[in-house]
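One file, my_file.csv, is given below (CSV, C-alpha atoms and all ligand atoms).
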chain,number,residue,atom,x,y,z
A,158,MET,CA,-62.4,82.9,198.8
A,159,SER,CA,-66.0,82.5,197.8
A,160,ASP,CA,-68.4,80.0,199.4
A,161,ASP,CA,-68.5,78.1,196.2
A,162,LYS,CA,-64.8,77.6,196.2
A,163,ILE,CA,-64.8,76.4,199.8
A,164,ARG,CA,-67.6,74.0,198.9
A,165,LYS,CA,-65.4,72.6,196.0
A,166,LEU,CA,-62.5,72.1,198.4
A,167,ILE,CA,-64.8,70.2,200.8
A,168,LYS,CA,-66.0,68.0,198.0
A,169,LYS,CA,-62.4,67.3,196.9
A,170,THR,CA,-61.5,66.5,200.6
A,171,GLN,CA,-64.5,64.1,200.8
A,172,ASN,CA,-63.2,62.5,197.6
A,173,LYS,CA,-60.0,61.8,199.5
A,174,GLU,CA,-57.8,64.2,197.5
A,175,ILE,CA,-54.9,65.2,199.8
A,176,ALA,CA,-54.3,68.4,197.8
A,177,GLY,CA,-57.9,69.4,198.4
A,178,LEU,CA,-57.5,68.7,202.2
A,179,SER,CA,-54.3,70.8,202.3
A,180,GLN,CA,-56.0,73.7,200.6
A,181,LEU,CA,-59.0,73.4,202.9
A,182,LEU,CA,-56.7,73.6,205.9
A,183,THR,CA,-55.1,76.7,204.5
A,184,GLN,CA,-58.5,78.3,204.1
A,185,LEU,CA,-59.6,77.3,207.6
A,186,ASP,CA,-56.5,79.0,208.9
A,187,ARG,CA,-57.2,82.1,206.9
A,188,HIS,CA,-60.9,82.5,207.5
A,189,GLY,CA,-61.3,80.6,210.8
A,190,PRO,CA,-64.6,79.8,212.5
A,191,LYS,CA,-66.7,81.7,209.9
A,192,LEU,CA,-66.4,78.6,207.7
A,193,LEU,CA,-68.4,76.6,210.3
A,194,THR,CA,-71.5,77.8,208.4
A,195,HIS,CA,-70.7,75.1,205.8
A,196,LYS,CA,-72.8,72.1,206.9
A,197,SER,CA,-70.0,69.6,206.0
A,198,LEU,CA,-67.8,71.3,208.5
A,199,SER,CA,-70.3,71.8,211.3
A,200,HIS,CA,-71.7,68.3,210.8
A,201,PRO,CA,-68.9,66.2,209.2
A,202,PRO,CA,-70.1,63.1,207.4
A,203,HIS,CA,-67.6,60.9,209.3
A,204,HIS,CA,-66.2,60.8,212.8
A,205,SER,CA,-62.6,59.7,213.2
A,206,TYR,CA,-61.5,57.9,216.3
A,207,ARG,CA,-59.3,60.5,218.1
A,208,ILE,CA,-56.5,59.1,220.1
A,209,GLY,CA,-54.6,61.6,222.3
A,210,ILE,CA,-51.0,60.7,223.1
A,211,THR,CA,-49.5,62.9,225.7
A,212,GLY,CA,-46.6,62.8,228.2
A,213,PRO,CA,-43.4,64.6,229.2
A,214,PRO,CA,-41.0,66.0,226.6
A,215,GLY,CA,-38.8,63.4,225.0
A,216,ALA,CA,-40.8,60.4,226.4
A,217,GLY,CA,-40.8,58.9,222.9
A,218,LYS,CA,-44.3,59.9,221.9
A,219,SER,CA,-43.5,60.6,218.2
A,220,THR,CA,-41.4,57.5,217.9
A,221,LEU,CA,-44.2,55.4,219.3
A,222,ILE,CA,-46.8,57.1,217.1
A,223,ASN,CA,-44.6,56.2,214.1
A,224,GLN,CA,-44.9,52.5,215.2
A,225,LEU,CA,-48.6,52.8,215.8
A,226,ILE,CA,-49.1,54.1,212.3
A,227,THR,CA,-47.3,51.0,211.0
A,228,GLU,CA,-49.6,48.7,213.0
A,229,PHE,CA,-52.8,50.5,212.0
A,230,ARG,CA,-51.8,50.5,208.3
A,231,LYS,CA,-51.3,46.7,208.4
A,232,ASN,CA,-55.1,46.6,209.0
A,233,ASN,CA,-55.7,49.1,206.3
A,234,LEU,CA,-56.8,51.8,208.7
A,235,THR,CA,-56.1,55.3,207.5
A,236,VAL,CA,-54.4,57.6,210.0
A,237,ALA,CA,-54.0,61.3,210.4
A,238,VAL,CA,-51.5,62.8,213.0
A,239,ILE,CA,-51.6,66.3,214.5
A,240,ALA,CA,-48.5,66.9,216.4
A,241,ILE,CA,-49.0,70.0,218.6
A,242,ASP,CA,-45.7,71.6,219.4
A,243,PRO,CA,-45.4,74.0,222.3
A,244,SER,CA,-44.1,77.3,221.0
A,245,SER,CA,-40.6,77.0,222.3
A,246,PRO,CA,-37.5,78.1,220.5
A,247,PHE,CA,-36.9,74.4,220.0
A,248,SER,CA,-40.2,73.6,218.3
A,249,LYS,CA,-38.7,74.1,214.8
A,250,GLY,CA,-36.2,71.4,215.6
A,251,ALA,CA,-38.9,69.2,216.9
A,252,ILE,CA,-40.9,69.6,213.7
A,253,LEU,CA,-37.9,68.7,211.7
A,254,GLY,CA,-37.2,65.7,213.9
A,255,ASP,CA,-40.7,64.5,213.5
A,256,ARG,CA,-40.4,64.9,209.7
A,257,ILE,CA,-37.5,62.5,209.8
A,258,ARG,CA,-39.2,60.2,212.2
A,259,TYR,CA,-42.2,59.9,210.0
A,260,LEU,CA,-40.3,59.7,206.8
A,261,GLN,CA,-41.3,56.1,206.0
A,262,HIS,CA,-45.0,57.1,206.0
A,263,TYR,CA,-44.7,60.2,203.9
A,264,GLN,CA,-45.3,58.4,200.6
A,265,ASP,CA,-48.3,56.6,202.0
A,266,LYS,CA,-51.6,58.0,200.8
A,267,GLY,CA,-53.4,56.5,203.9
A,268,VAL,CA,-51.3,58.7,206.3
A,269,PHE,CA,-51.5,62.4,206.8
A,270,ILE,CA,-49.2,64.2,209.2
A,271,ARG,CA,-49.2,67.9,210.3
A,272,SER,CA,-47.3,69.7,213.0
A,273,LEU,CA,-49.1,72.7,214.6
A,274,GLY,CA,-47.6,75.3,216.9
A,275,SER,CA,-49.7,75.9,220.0
A,276,ARG,CA,-48.7,79.6,219.7
A,277,GLY,CA,-51.3,82.2,220.5
A,278,SER,CA,-53.6,79.8,222.2
A,279,LEU,CA,-53.2,81.2,225.7
A,280,GLY,CA,-52.9,77.7,226.9
A,281,GLY,CA,-55.0,74.8,225.7
A,282,LEU,CA,-55.3,73.6,222.2
A,283,CYS,CA,-55.3,76.2,219.4
A,284,ALA,CA,-58.3,77.0,217.2
A,285,SER,CA,-56.5,75.5,214.2
A,286,ALA,CA,-56.4,72.1,215.8
A,287,TYR,CA,-60.2,72.1,216.3
A,288,LEU,CA,-60.8,73.3,212.7
A,289,MET,CA,-58.3,70.8,211.4
A,290,LEU,CA,-60.2,67.9,213.1
A,291,ARG,CA,-63.4,68.9,211.3
A,292,ALA,CA,-61.5,68.9,208.0
A,293,LEU,CA,-60.0,65.5,208.7
A,294,ASP,CA,-63.5,64.1,209.5
A,295,ASN,CA,-64.6,65.3,206.1
A,296,TYR,CA,-61.7,63.3,204.5
A,297,GLY,CA,-62.8,60.3,206.6
A,298,PHE,CA,-59.7,59.1,208.3
A,299,ASP,CA,-60.3,56.1,210.5
A,300,ILE,CA,-58.0,57.3,213.2
A,301,THR,CA,-56.6,60.7,214.2
A,302,ILE,CA,-53.8,60.8,216.6
A,303,ILE,CA,-53.1,64.0,218.5
A,304,GLU,CA,-49.7,64.4,220.1
A,305,THR,CA,-49.3,66.9,222.8
A,306,VAL,CA,-46.6,67.5,225.4
A,307,GLY,CA,-48.2,67.1,228.8
A,308,VAL,CA,-46.4,69.7,230.8
A,309,GLY,CA,-49.0,71.5,232.8
A,310,GLN,CA,-52.6,72.3,233.3
A,311,SER,CA,-52.8,74.4,230.1
A,312,GLU,CA,-52.3,71.3,227.9
A,313,LEU,CA,-55.1,69.3,229.5
A,314,ASP,CA,-57.6,70.5,226.9
A,315,ILE,CA,-56.7,67.2,225.2
A,316,VAL,CA,-59.3,65.7,227.4
A,317,HIS,CA,-62.0,67.6,225.5
A,318,VAL,CA,-60.7,66.5,222.1
A,319,ALA,CA,-59.5,62.9,222.4
A,320,ASP,CA,-61.8,59.8,222.7
A,321,GLU,CA,-59.0,57.9,224.3
A,322,ILE,CA,-56.0,59.3,226.1
A,323,ALA,CA,-52.7,57.5,226.5
A,324,VAL,CA,-50.1,58.9,228.7
A,325,VAL,CA,-46.5,58.0,227.8
A,326,LEU,CA,-44.1,57.8,230.7
A,327,VAL,CA,-40.5,56.6,230.9
A,328,PRO,CA,-38.7,54.7,233.7
A,329,GLU,CA,-36.8,57.7,235.0
A,330,SER,CA,-36.9,58.8,238.6
A,331,GLY,CA,-39.7,61.1,239.5
A,332,ASP,CA,-41.5,60.8,236.2
A,333,SER,CA,-44.7,59.4,237.7
A,334,ILE,CA,-44.6,62.1,240.4
A,335,GLN,CA,-44.2,64.7,237.7
A,336,ALA,CA,-47.1,63.3,235.8
A,337,MET,CA,-49.2,63.5,238.9
A,338,LYS,CA,-48.3,67.1,239.4
A,339,ALA,CA,-49.2,67.9,235.8
A,340,GLY,CA,-52.6,66.4,236.3
A,341,LEU,CA,-51.9,63.7,233.7
A,342,LEU,CA,-53.0,60.9,236.0
A,343,GLU,CA,-56.6,62.3,236.2
A,344,ILE,CA,-57.1,62.2,232.4
A,345,SER,CA,-55.3,59.0,231.4
A,346,ASP,CA,-57.3,56.1,230.0
A,347,LEU,CA,-54.1,54.1,229.4
A,348,TYR,CA,-50.5,54.3,230.6
A,349,ILE,CA,-47.7,53.5,228.4
A,350,VAL,CA,-44.3,52.9,230.0
A,351,ASN,CA,-42.0,53.5,227.0
A,352,LYS,CA,-38.2,53.1,226.9
A,353,SER,CA,-38.7,49.8,228.7
A,354,ASP,CA,-35.4,48.7,227.3
A,355,ARG,CA,-33.9,50.9,230.0
A,356,PRO,CA,-32.9,49.6,233.4
A,357,GLY,CA,-35.4,50.1,236.0
A,358,ALA,CA,-38.5,49.6,233.8
A,359,GLU,CA,-40.0,46.9,236.0
A,360,GLY,CA,-39.4,48.9,239.1
A,361,PHE,CA,-41.0,51.9,237.6
A,362,ILE,CA,-44.1,49.9,236.6
A,363,ASN,CA,-44.5,48.7,240.1
A,364,GLU,CA,-44.1,52.2,241.4
A,365,LEU,CA,-46.7,53.5,239.0
A,366,LYS,CA,-49.1,50.7,239.9
A,367,ALA,CA,-48.7,51.6,243.6
A,368,SER,CA,-49.3,55.4,242.8
A,369,LEU,CA,-52.4,54.5,240.9
A,370,GLU,CA,-53.8,52.3,243.7
A,371,LEU,CA,-53.0,55.1,246.2
A,372,GLY,CA,-54.7,57.6,243.9
A,373,LEU,CA,-57.8,55.4,243.6
A,374,ALA,CA,-58.0,54.9,247.4
A,375,TYR,CA,-58.1,58.7,247.8
A,376,ASN,CA,-60.3,59.3,244.9
A,377,PRO,CA,-62.5,56.4,243.8
A,378,GLU,CA,-63.7,58.5,240.8
A,379,LEU,CA,-60.3,58.2,239.1
A,380,LYS,CA,-60.3,55.9,236.1
A,381,LYS,CA,-58.8,52.4,236.5
A,382,SER,CA,-56.2,52.6,233.8
A,383,LYS,CA,-54.3,49.8,232.2
A,384,ILE,CA,-50.5,49.9,232.0
A,385,LEU,CA,-48.7,48.8,228.8
A,386,LYS,CA,-45.0,48.5,228.2
A,387,THR,CA,-43.3,49.6,225.0
A,388,THR,CA,-39.9,50.2,223.4
A,389,ALA,CA,-40.8,52.6,220.6
A,390,THR,CA,-37.3,52.4,219.0
A,391,THR,CA,-37.7,48.7,218.3
A,392,GLY,CA,-41.5,48.6,218.0
A,393,ASP,CA,-41.9,46.2,221.0
A,394,GLY,CA,-45.4,46.5,222.5
A,395,ALA,CA,-46.8,48.6,219.6
A,396,LEU,CA,-49.0,45.8,218.3
A,397,GLU,CA,-50.5,45.2,221.8
A,398,LEU,CA,-51.1,49.0,222.1
A,399,ALA,CA,-52.7,49.2,218.6
A,400,GLU,CA,-55.0,46.2,219.5
A,401,GLU,CA,-55.9,47.7,222.9
A,402,LEU,CA,-56.8,51.0,221.3
A,403,THR,CA,-58.8,49.4,218.5
A,404,GLN,CA,-60.7,47.3,220.9
A,405,ARG,CA,-61.6,50.3,223.0
A,406,LYS,CA,-63.1,52.0,220.0
A,407,GLN,CA,-65.8,49.3,219.7
A,408,SER,CA,-67.7,50.6,222.7
A,409,LEU,CA,-67.7,54.3,221.7
A,410,ASP,CA,-70.4,56.2,219.9
A,411,LEU,CA,-67.9,58.6,218.2
A,412,GLU,CA,-70.5,61.0,216.7
A,413,LYS,CA,-72.3,61.4,220.0
A,414,LEU,CA,-69.1,61.8,221.9
A,415,HIS,CA,-67.8,64.5,219.5
A,416,LYS,CA,-71.0,66.6,220.0
A,417,THR,CA,-71.1,66.6,223.8
A,418,ALA,CA,-71.3,70.0,225.5
A,419,PRO,CA,-67.9,70.0,227.2
A,420,ARG,CA,-66.2,69.3,223.8
A,421,LEU,CA,-68.1,72.0,222.0
A,422,GLN,CA,-67.4,74.4,224.8
A,423,ALA,CA,-63.7,73.7,224.6
A,424,GLU,CA,-63.8,74.3,220.9
A,425,ALA,CA,-65.8,77.5,221.4
A,426,ARG,CA,-63.2,78.8,223.9
A,427,ALA,CA,-60.4,78.2,221.4
A,428,LEU,CA,-62.3,79.8,218.5
A,429,LEU,CA,-63.3,82.8,220.7
A,430,LYS,CA,-59.7,83.3,221.8
A,431,LEU,CA,-58.6,83.3,218.2
A,432,GLN,CA,-61.2,86.0,217.3
A,433,LEU,CA,-60.2,88.1,220.3
A,434,GLU,CA,-56.5,87.9,219.5
A,435,GLN,CA,-57.2,88.9,215.9
A,436,ASN,CA,-59.3,91.8,217.1
A,437,ILE,CA,-56.6,93.0,219.5
A,438,LEU,CA,-54.0,92.8,216.7
A,439,LYS,CA,-56.3,94.8,214.4
A,440,GLN,CA,-57.0,97.5,216.9
A,441,SER,CA,-53.4,97.8,218.1
A,442,GLU,CA,-52.1,98.2,214.6
A,443,LYS,CA,-54.1,101.4,214.3
A,444,ILE,CA,-52.3,103.1,217.1
A,445,LYS,CA,-49.7,105.6,215.7
A,446,SER,CA,-49.6,108.2,218.5
A,447,VAL,CA,-50.1,108.7,222.2
A,448,GLU,CA,-53.4,110.4,221.4
A,449,ASP,CA,-54.6,107.2,219.5
A,450,LEU,CA,-53.7,105.2,222.6
A,451,ILE,CA,-55.7,107.5,224.9
A,452,ASN,CA,-58.7,107.5,222.6
A,453,LEU,CA,-58.8,103.8,222.5
A,454,PHE,CA,-59.5,103.6,226.2
A,455,LYS,CA,-61.4,106.9,226.7
A,456,ASN,CA,-64.8,105.3,226.8
A,457,SER,CA,-63.9,102.1,228.5
A,501,LIG,N1,-33.9,53.8,224.5
A,501,LIG,C1,-35.0,54.2,223.9
A,501,LIG,N2,-35.0,55.4,223.4
A,501,LIG,C2,-36.2,55.8,222.9
A,501,LIG,C3,-37.4,55.0,222.9
A,501,LIG,N3,-38.4,55.7,222.3
A,501,LIG,C4,-37.9,56.9,221.9
A,501,LIG,N4,-36.6,57.0,222.2
A,501,LIG,C5,-35.7,58.1,221.9
A,501,LIG,O1,-36.0,59.2,222.7
A,501,LIG,C6,-35.8,60.4,222.0
A,501,LIG,C7,-37.1,61.2,222.0
A,501,LIG,O2,-38.1,60.6,221.2
A,501,LIG,P1,-39.3,61.3,220.6
A,501,LIG,O3,-40.1,60.3,219.9
A,501,LIG,O4,-38.9,62.5,219.8
A,501,LIG,O5,-40.0,61.8,221.9
A,501,LIG,P2,-41.3,62.8,222.1
A,501,LIG,O6,-42.0,62.4,223.3
A,501,LIG,O7,-42.1,62.8,220.8
A,501,LIG,O8,-40.5,64.2,222.2
A,501,LIG,P3,-41.2,65.7,222.2
A,501,LIG,O9,-42.2,65.7,221.1
A,501,LIG,O10,-40.0,66.6,221.9
A,501,LIG,O11,-41.8,65.9,223.5
A,501,LIG,C8,-35.4,60.0,220.6
A,501,LIG,O12,-34.0,60.1,220.6
A,501,LIG,C9,-35.8,58.6,220.5
A,501,LIG,O13,-35.0,57.8,219.6
A,501,LIG,C10,-37.3,53.7,223.5
A,501,LIG,O14,-38.3,53.0,223.6
A,501,LIG,N5,-36.1,53.4,224.0
A,502,MG,MG,-42.7,64.5,219.6

Show this structure as structure tokens.
Amino acid sequence: MSDDKIRKLIKKTQNKEIAGLSQLLTQLDRHGPKLLTHKSLSHPPHHSYRIGITGPPGAGKSTLINQLITEFRKNNLTVAVIAIDPSSPFSKGAILGDRIRYLQHYQDKGVFIRSLGSRGSLGGLCASAYLMLRALDNYGFDITIIETVGVGQSELDIVHVADEIAVVLVPESGDSIQAMKAGLLEISDLYIVNKSDRPGAEGFINELKASLELGLAYNPELKKSKILKTTATTGDGALELAEELTQRKQSLDLEKLHKTAPRLQAEARALLKLQLEQNILKQSEKIKSVEDLINLFKNS
């Protein structure tokens, strides 16, 4: 696609045409980081408040995000959601499940929802996610929510993308210990104890508080994070969560934050990995015989 056509898509996106945004995302997926030469993509005109929602599988992240969207929309804030699915055989089901979960918002022009596979990203967030964030900033969403499954070190790149990170936990035995192991406690700005309709919620919150205090005693550099209680299925606690997040936004300089070196470096890593993977694929496809294979490495 010519530069001129890309410029037109960017213009459409900035005019808040969803069709333009969708086409721009397709082009970003096709042409990748090359398109960063377009000034609107390298220096977006707007900076969306990026909220990372992470936590163990099945903690209720998507259900909670659905409720959060409702709360933000009441205040006329526009919301984009990027749900990053780990590339498991189940992820297709998860995407379908999310479609159903978010159904009530699909007709709403102020809401944009996309699921992304984390496939091919060698851990960490994929290149598409970073490019998508730049496109969303051109559209001018007030808020972008990024859902990731916090299952291990490889997912912790969320820390270089989100302005605020909420870790969702549930009152099931060992969950806080699991979170600690996965490194979630180090990155969390806010804890959400979801499924608080379940027995043991209060006990779990006390346990979590104790773990956090213990963690702080060992490492005073850890953030002092607030704990909020929600029941995503009924929406209990969603208003308080939305208010807390909106309030935190006030003190942030989003543009400055989005341009800090660690953020740009994480983006560079993802984009470089993508290029490398494409290169590997291109070279490997040329191999048709053992001789080709030998020749490939003769000079290395
Ligand atoms: N009892 C109860 N169930 C809940 C609550 N929140 C979510 N659930 C249920 O928990 C299940 C998982 O919810 P999801 O929102 O898909 O969880 P998730 O964290 O997005 O899951 P993955 O994206 O697959 O990691 C669903 O069956 C929800 O209906 C809650 O507050 N209470
Ligand atoms: Mg989910």

Which residues of chain A sit at most 7 Å from ligand LIG 501 (chain A), using all atoms listed in the file? Give each one's shortest atom pair and distance in Å (one decimal place), in chain and ascending residue order, as JSON lines.
{"residue": "A:Gly212", "atom": "CA", "partner": "A:LIG501", "partner_atom": "O6", "distance": 6.7}
{"residue": "A:Pro213", "atom": "CA", "partner": "A:LIG501", "partner_atom": "O11", "distance": 6.1}
{"residue": "A:Pro214", "atom": "CA", "partner": "A:LIG501", "partner_atom": "O11", "distance": 3.2}
{"residue": "A:Gly215", "atom": "CA", "partner": "A:LIG501", "partner_atom": "O8", "distance": 3.4}
{"residue": "A:Ala216", "atom": "CA", "partner": "A:LIG501", "partner_atom": "O6", "distance": 3.9}
{"residue": "A:Gly217", "atom": "CA", "partner": "A:LIG501", "partner_atom": "O5", "distance": 3.2}
{"residue": "A:Lys218", "atom": "CA", "partner": "A:LIG501", "partner_atom": "O6", "distance": 3.7}
{"residue": "A:Ser219", "atom": "CA", "partner": "A:LIG501", "partner_atom": "O7", "distance": 3.7}
{"residue": "A:Thr220", "atom": "CA", "partner": "A:LIG501", "partner_atom": "O3", "distance": 3.7}
{"residue": "A:Leu221", "atom": "CA", "partner": "A:LIG501", "partner_atom": "O3", "distance": 6.4}
{"residue": "A:Ala251", "atom": "CA", "partner": "A:LIG501", "partner_atom": "O10", "distance": 5.7}
{"residue": "A:Gly254", "atom": "CA", "partner": "A:LIG501", "partner_atom": "O4", "distance": 6.9}
{"residue": "A:Asp255", "atom": "CA", "partner": "A:LIG501", "partner_atom": "O4", "distance": 6.9}
{"residue": "A:Val306", "atom": "CA", "partner": "A:LIG501", "partner_atom": "O11", "distance": 5.4}
{"residue": "A:Asn351", "atom": "CA", "partner": "A:LIG501", "partner_atom": "O14", "distance": 5.0}
{"residue": "A:Lys352", "atom": "CA", "partner": "A:LIG501", "partner_atom": "O14", "distance": 3.3}
{"residue": "A:Ser353", "atom": "CA", "partner": "A:LIG501", "partner_atom": "O14", "distance": 6.0}
{"residue": "A:Asp354", "atom": "CA", "partner": "A:LIG501", "partner_atom": "N5", "distance": 5.8}
{"residue": "A:Arg355", "atom": "CA", "partner": "A:LIG501", "partner_atom": "N1", "distance": 6.2}
{"residue": "A:Thr387", "atom": "CA", "partner": "A:LIG501", "partner_atom": "O14", "distance": 6.2}
{"residue": "A:Thr388", "atom": "CA", "partner": "A:LIG501", "partner_atom": "O14", "distance": 3.2}
{"residue": "A:Ala389", "atom": "CA", "partner": "A:LIG501", "partner_atom": "O14", "distance": 3.9}
{"residue": "A:Thr390", "atom": "CA", "partner": "A:LIG501", "partner_atom": "C10", "distance": 4.7}
{"residue": "A:Thr391", "atom": "CA", "partner": "A:LIG501", "partner_atom": "O14", "distance": 6.9}

Those same residues - C-alpha atoms - I'd like them written as an mmCIF file, in the coordinates of the input.
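Output (result-v1.cif):
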data_model
loop_
_atom_site.group_PDB
_atom_site.id
_atom_site.type_symbol
_atom_site.label_atom_id
_atom_site.label_comp_id
_atom_site.auth_asym_id
_atom_site.auth_seq_id
_atom_site.Cartn_x
_atom_site.Cartn_y
_atom_site.Cartn_z
ATOM 1 C CA GLY A 212 -46.600 62.800 228.200
ATOM 2 C CA PRO A 213 -43.400 64.600 229.200
ATOM 3 C CA PRO A 214 -41.000 66.000 226.600
ATOM 4 C CA GLY A 215 -38.800 63.400 225.000
ATOM 5 C CA ALA A 216 -40.800 60.400 226.400
ATOM 6 C CA GLY A 217 -40.800 58.900 222.900
ATOM 7 C CA LYS A 218 -44.300 59.900 221.900
ATOM 8 C CA SER A 219 -43.500 60.600 218.200
ATOM 9 C CA THR A 220 -41.400 57.500 217.900
ATOM 10 C CA LEU A 221 -44.200 55.400 219.300
ATOM 11 C CA ALA A 251 -38.900 69.200 216.900
ATOM 12 C CA GLY A 254 -37.200 65.700 213.900
ATOM 13 C CA ASP A 255 -40.700 64.500 213.500
ATOM 14 C CA VAL A 306 -46.600 67.500 225.400
ATOM 15 C CA ASN A 351 -42.000 53.500 227.000
ATOM 16 C CA LYS A 352 -38.200 53.100 226.900
ATOM 17 C CA SER A 353 -38.700 49.800 228.700
ATOM 18 C CA ASP A 354 -35.400 48.700 227.300
ATOM 19 C CA ARG A 355 -33.900 50.900 230.000
ATOM 20 C CA THR A 387 -43.300 49.600 225.000
ATOM 21 C CA THR A 388 -39.900 50.200 223.400
ATOM 22 C CA ALA A 389 -40.800 52.600 220.600
ATOM 23 C CA THR A 390 -37.300 52.400 219.000
ATOM 24 C CA THR A 391 -37.700 48.700 218.300
#

inquiry  = Within 12 Å of (-62.0, 69.3, 221.3) in the file's own coordinates, which protein, DNA or RNA residues have an atom, counting all atoms listed in the file? List them as a PyMOL selection string.
reply    = chain A and resi 207-209+281-291+303+312-320+414-428

Would you write out those residues with C-alpha atoms, as a PDB file, keeping the file's coordinate frame?
ATOM      1  CA  ARG A 207     -59.300  60.500 218.100  1.00  0.00           C
ATOM      2  CA  ILE A 208     -56.500  59.100 220.100  1.00  0.00           C
ATOM      3  CA  GLY A 209     -54.600  61.600 222.300  1.00  0.00           C
ATOM      4  CA  GLY A 281     -55.000  74.800 225.700  1.00  0.00           C
ATOM      5  CA  LEU A 282     -55.300  73.600 222.200  1.00  0.00           C
ATOM      6  CA  CYS A 283     -55.300  76.200 219.400  1.00  0.00           C
ATOM      7  CA  ALA A 284     -58.300  77.000 217.200  1.00  0.00           C
ATOM      8  CA  SER A 285     -56.500  75.500 214.200  1.00  0.00           C
ATOM      9  CA  ALA A 286     -56.400  72.100 215.800  1.00  0.00           C
ATOM     10  CA  TYR A 287     -60.200  72.100 216.300  1.00  0.00           C
ATOM     11  CA  LEU A 288     -60.800  73.300 212.700  1.00  0.00           C
ATOM     12  CA  MET A 289     -58.300  70.800 211.400  1.00  0.00           C
ATOM     13  CA  LEU A 290     -60.200  67.900 213.100  1.00  0.00           C
ATOM     14  CA  ARG A 291     -63.400  68.900 211.300  1.00  0.00           C
ATOM     15  CA  ILE A 303     -53.100  64.000 218.500  1.00  0.00           C
ATOM     16  CA  GLU A 312     -52.300  71.300 227.900  1.00  0.00           C
ATOM     17  CA  LEU A 313     -55.100  69.300 229.500  1.00  0.00           C
ATOM     18  CA  ASP A 314     -57.600  70.500 226.900  1.00  0.00           C
ATOM     19  CA  ILE A 315     -56.700  67.200 225.200  1.00  0.00           C
ATOM     20  CA  VAL A 316     -59.300  65.700 227.400  1.00  0.00           C
ATOM     21  CA  HIS A 317     -62.000  67.600 225.500  1.00  0.00           C
ATOM     22  CA  VAL A 318     -60.700  66.500 222.100  1.00  0.00           C
ATOM     23  CA  ALA A 319     -59.500  62.900 222.400  1.00  0.00           C
ATOM     24  CA  ASP A 320     -61.800  59.800 222.700  1.00  0.00           C
ATOM     25  CA  LEU A 414     -69.100  61.800 221.900  1.00  0.00           C
ATOM     26  CA  HIS A 415     -67.800  64.500 219.500  1.00  0.00           C
ATOM     27  CA  LYS A 416     -71.000  66.600 220.000  1.00  0.00           C
ATOM     28  CA  THR A 417     -71.100  66.600 223.800  1.00  0.00           C
ATOM     29  CA  ALA A 418     -71.300  70.000 225.500  1.00  0.00           C
ATOM     30  CA  PRO A 419     -67.900  70.000 227.200  1.00  0.00           C
ATOM     31  CA  ARG A 420     -66.200  69.300 223.800  1.00  0.00           C
ATOM     32  CA  LEU A 421     -68.100  72.000 222.000  1.00  0.00           C
ATOM     33  CA  GLN A 422     -67.400  74.400 224.800  1.00  0.00           C
ATOM     34  CA  ALA A 423     -63.700  73.700 224.600  1.00  0.00           C
ATOM     35  CA  GLU A 424     -63.800  74.300 220.900  1.00  0.00           C
ATOM     36  CA  ALA A 425     -65.800  77.500 221.400  1.00  0.00           C
ATOM     37  CA  ARG A 426     -63.200  78.800 223.900  1.00  0.00           C
ATOM     38  CA  ALA A 427     -60.400  78.200 221.400  1.00  0.00           C
ATOM     39  CA  LEU A 428     -62.300  79.800 218.500  1.00  0.00           C
TER      40      LEU A 428
END

task = Between A:Glu304, A:Glu228, A:Asp410, A:Asp294, single out the one closest to ligand MG 502 (chain A), counting only C-alpha atoms and all ligand atoms.
result = A:Glu304

request  = Considering only C-alpha atoms, state which residue in the set A:Glu397, A:Asn232, A:Ser205, A:Leu431 is at the smallest distance from Arg187 of chain A.
outcome  =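 Between A:Glu397, A:Asn232, A:Ser205, A:Leu431, the residue approaching Arg187 of chain A most closely is A:Leu431.
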
task = Between A:Lys169, A:Gly372, A:Ile210, A:Lys406, single out the one closest to Ile322 of chain A, counting only C-alpha atoms.
result = A:Ile210

message = Nearest residue to Lys165 of chain A out of A:Leu385, A:Leu178, A:Leu293, A:Ala240, using all atoms listed in the file?
response =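 Checking each candidate against Lys165 of chain A, we get A:Leu178 as the closest.
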
task = Find the distance between atom CA of Leu453 of chain A and atom CA of Pro190 of chain A and write it in Å to one decimal.
result =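 According to the coordinates, atom CA of Leu453 of chain A and atom CA of Pro190 of chain A are separated by 26.6 Å.
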
key: For ligand MG 502 (chain A), the nearest of the candidates A:Gln432, A:Asn456, A:Asn172, A:Thr305, counting all atoms listed in the file   =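 Of A:Gln432, A:Asn456, A:Asn172, A:Thr305, the one nearest ligand MG 502 (chain A), counting all atoms listed in the file, is A:Thr305.
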
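Interatomic distance, atom CA of Pro202 of chain A against atom CA of Tyr296 of chain A: 8.9 Å.
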
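Nearest to Gln407 of chain A of all the residues A:Leu450, A:Tyr206, A:Phe361, A:Ile344 is A:Tyr206, counting only C-alpha atoms.
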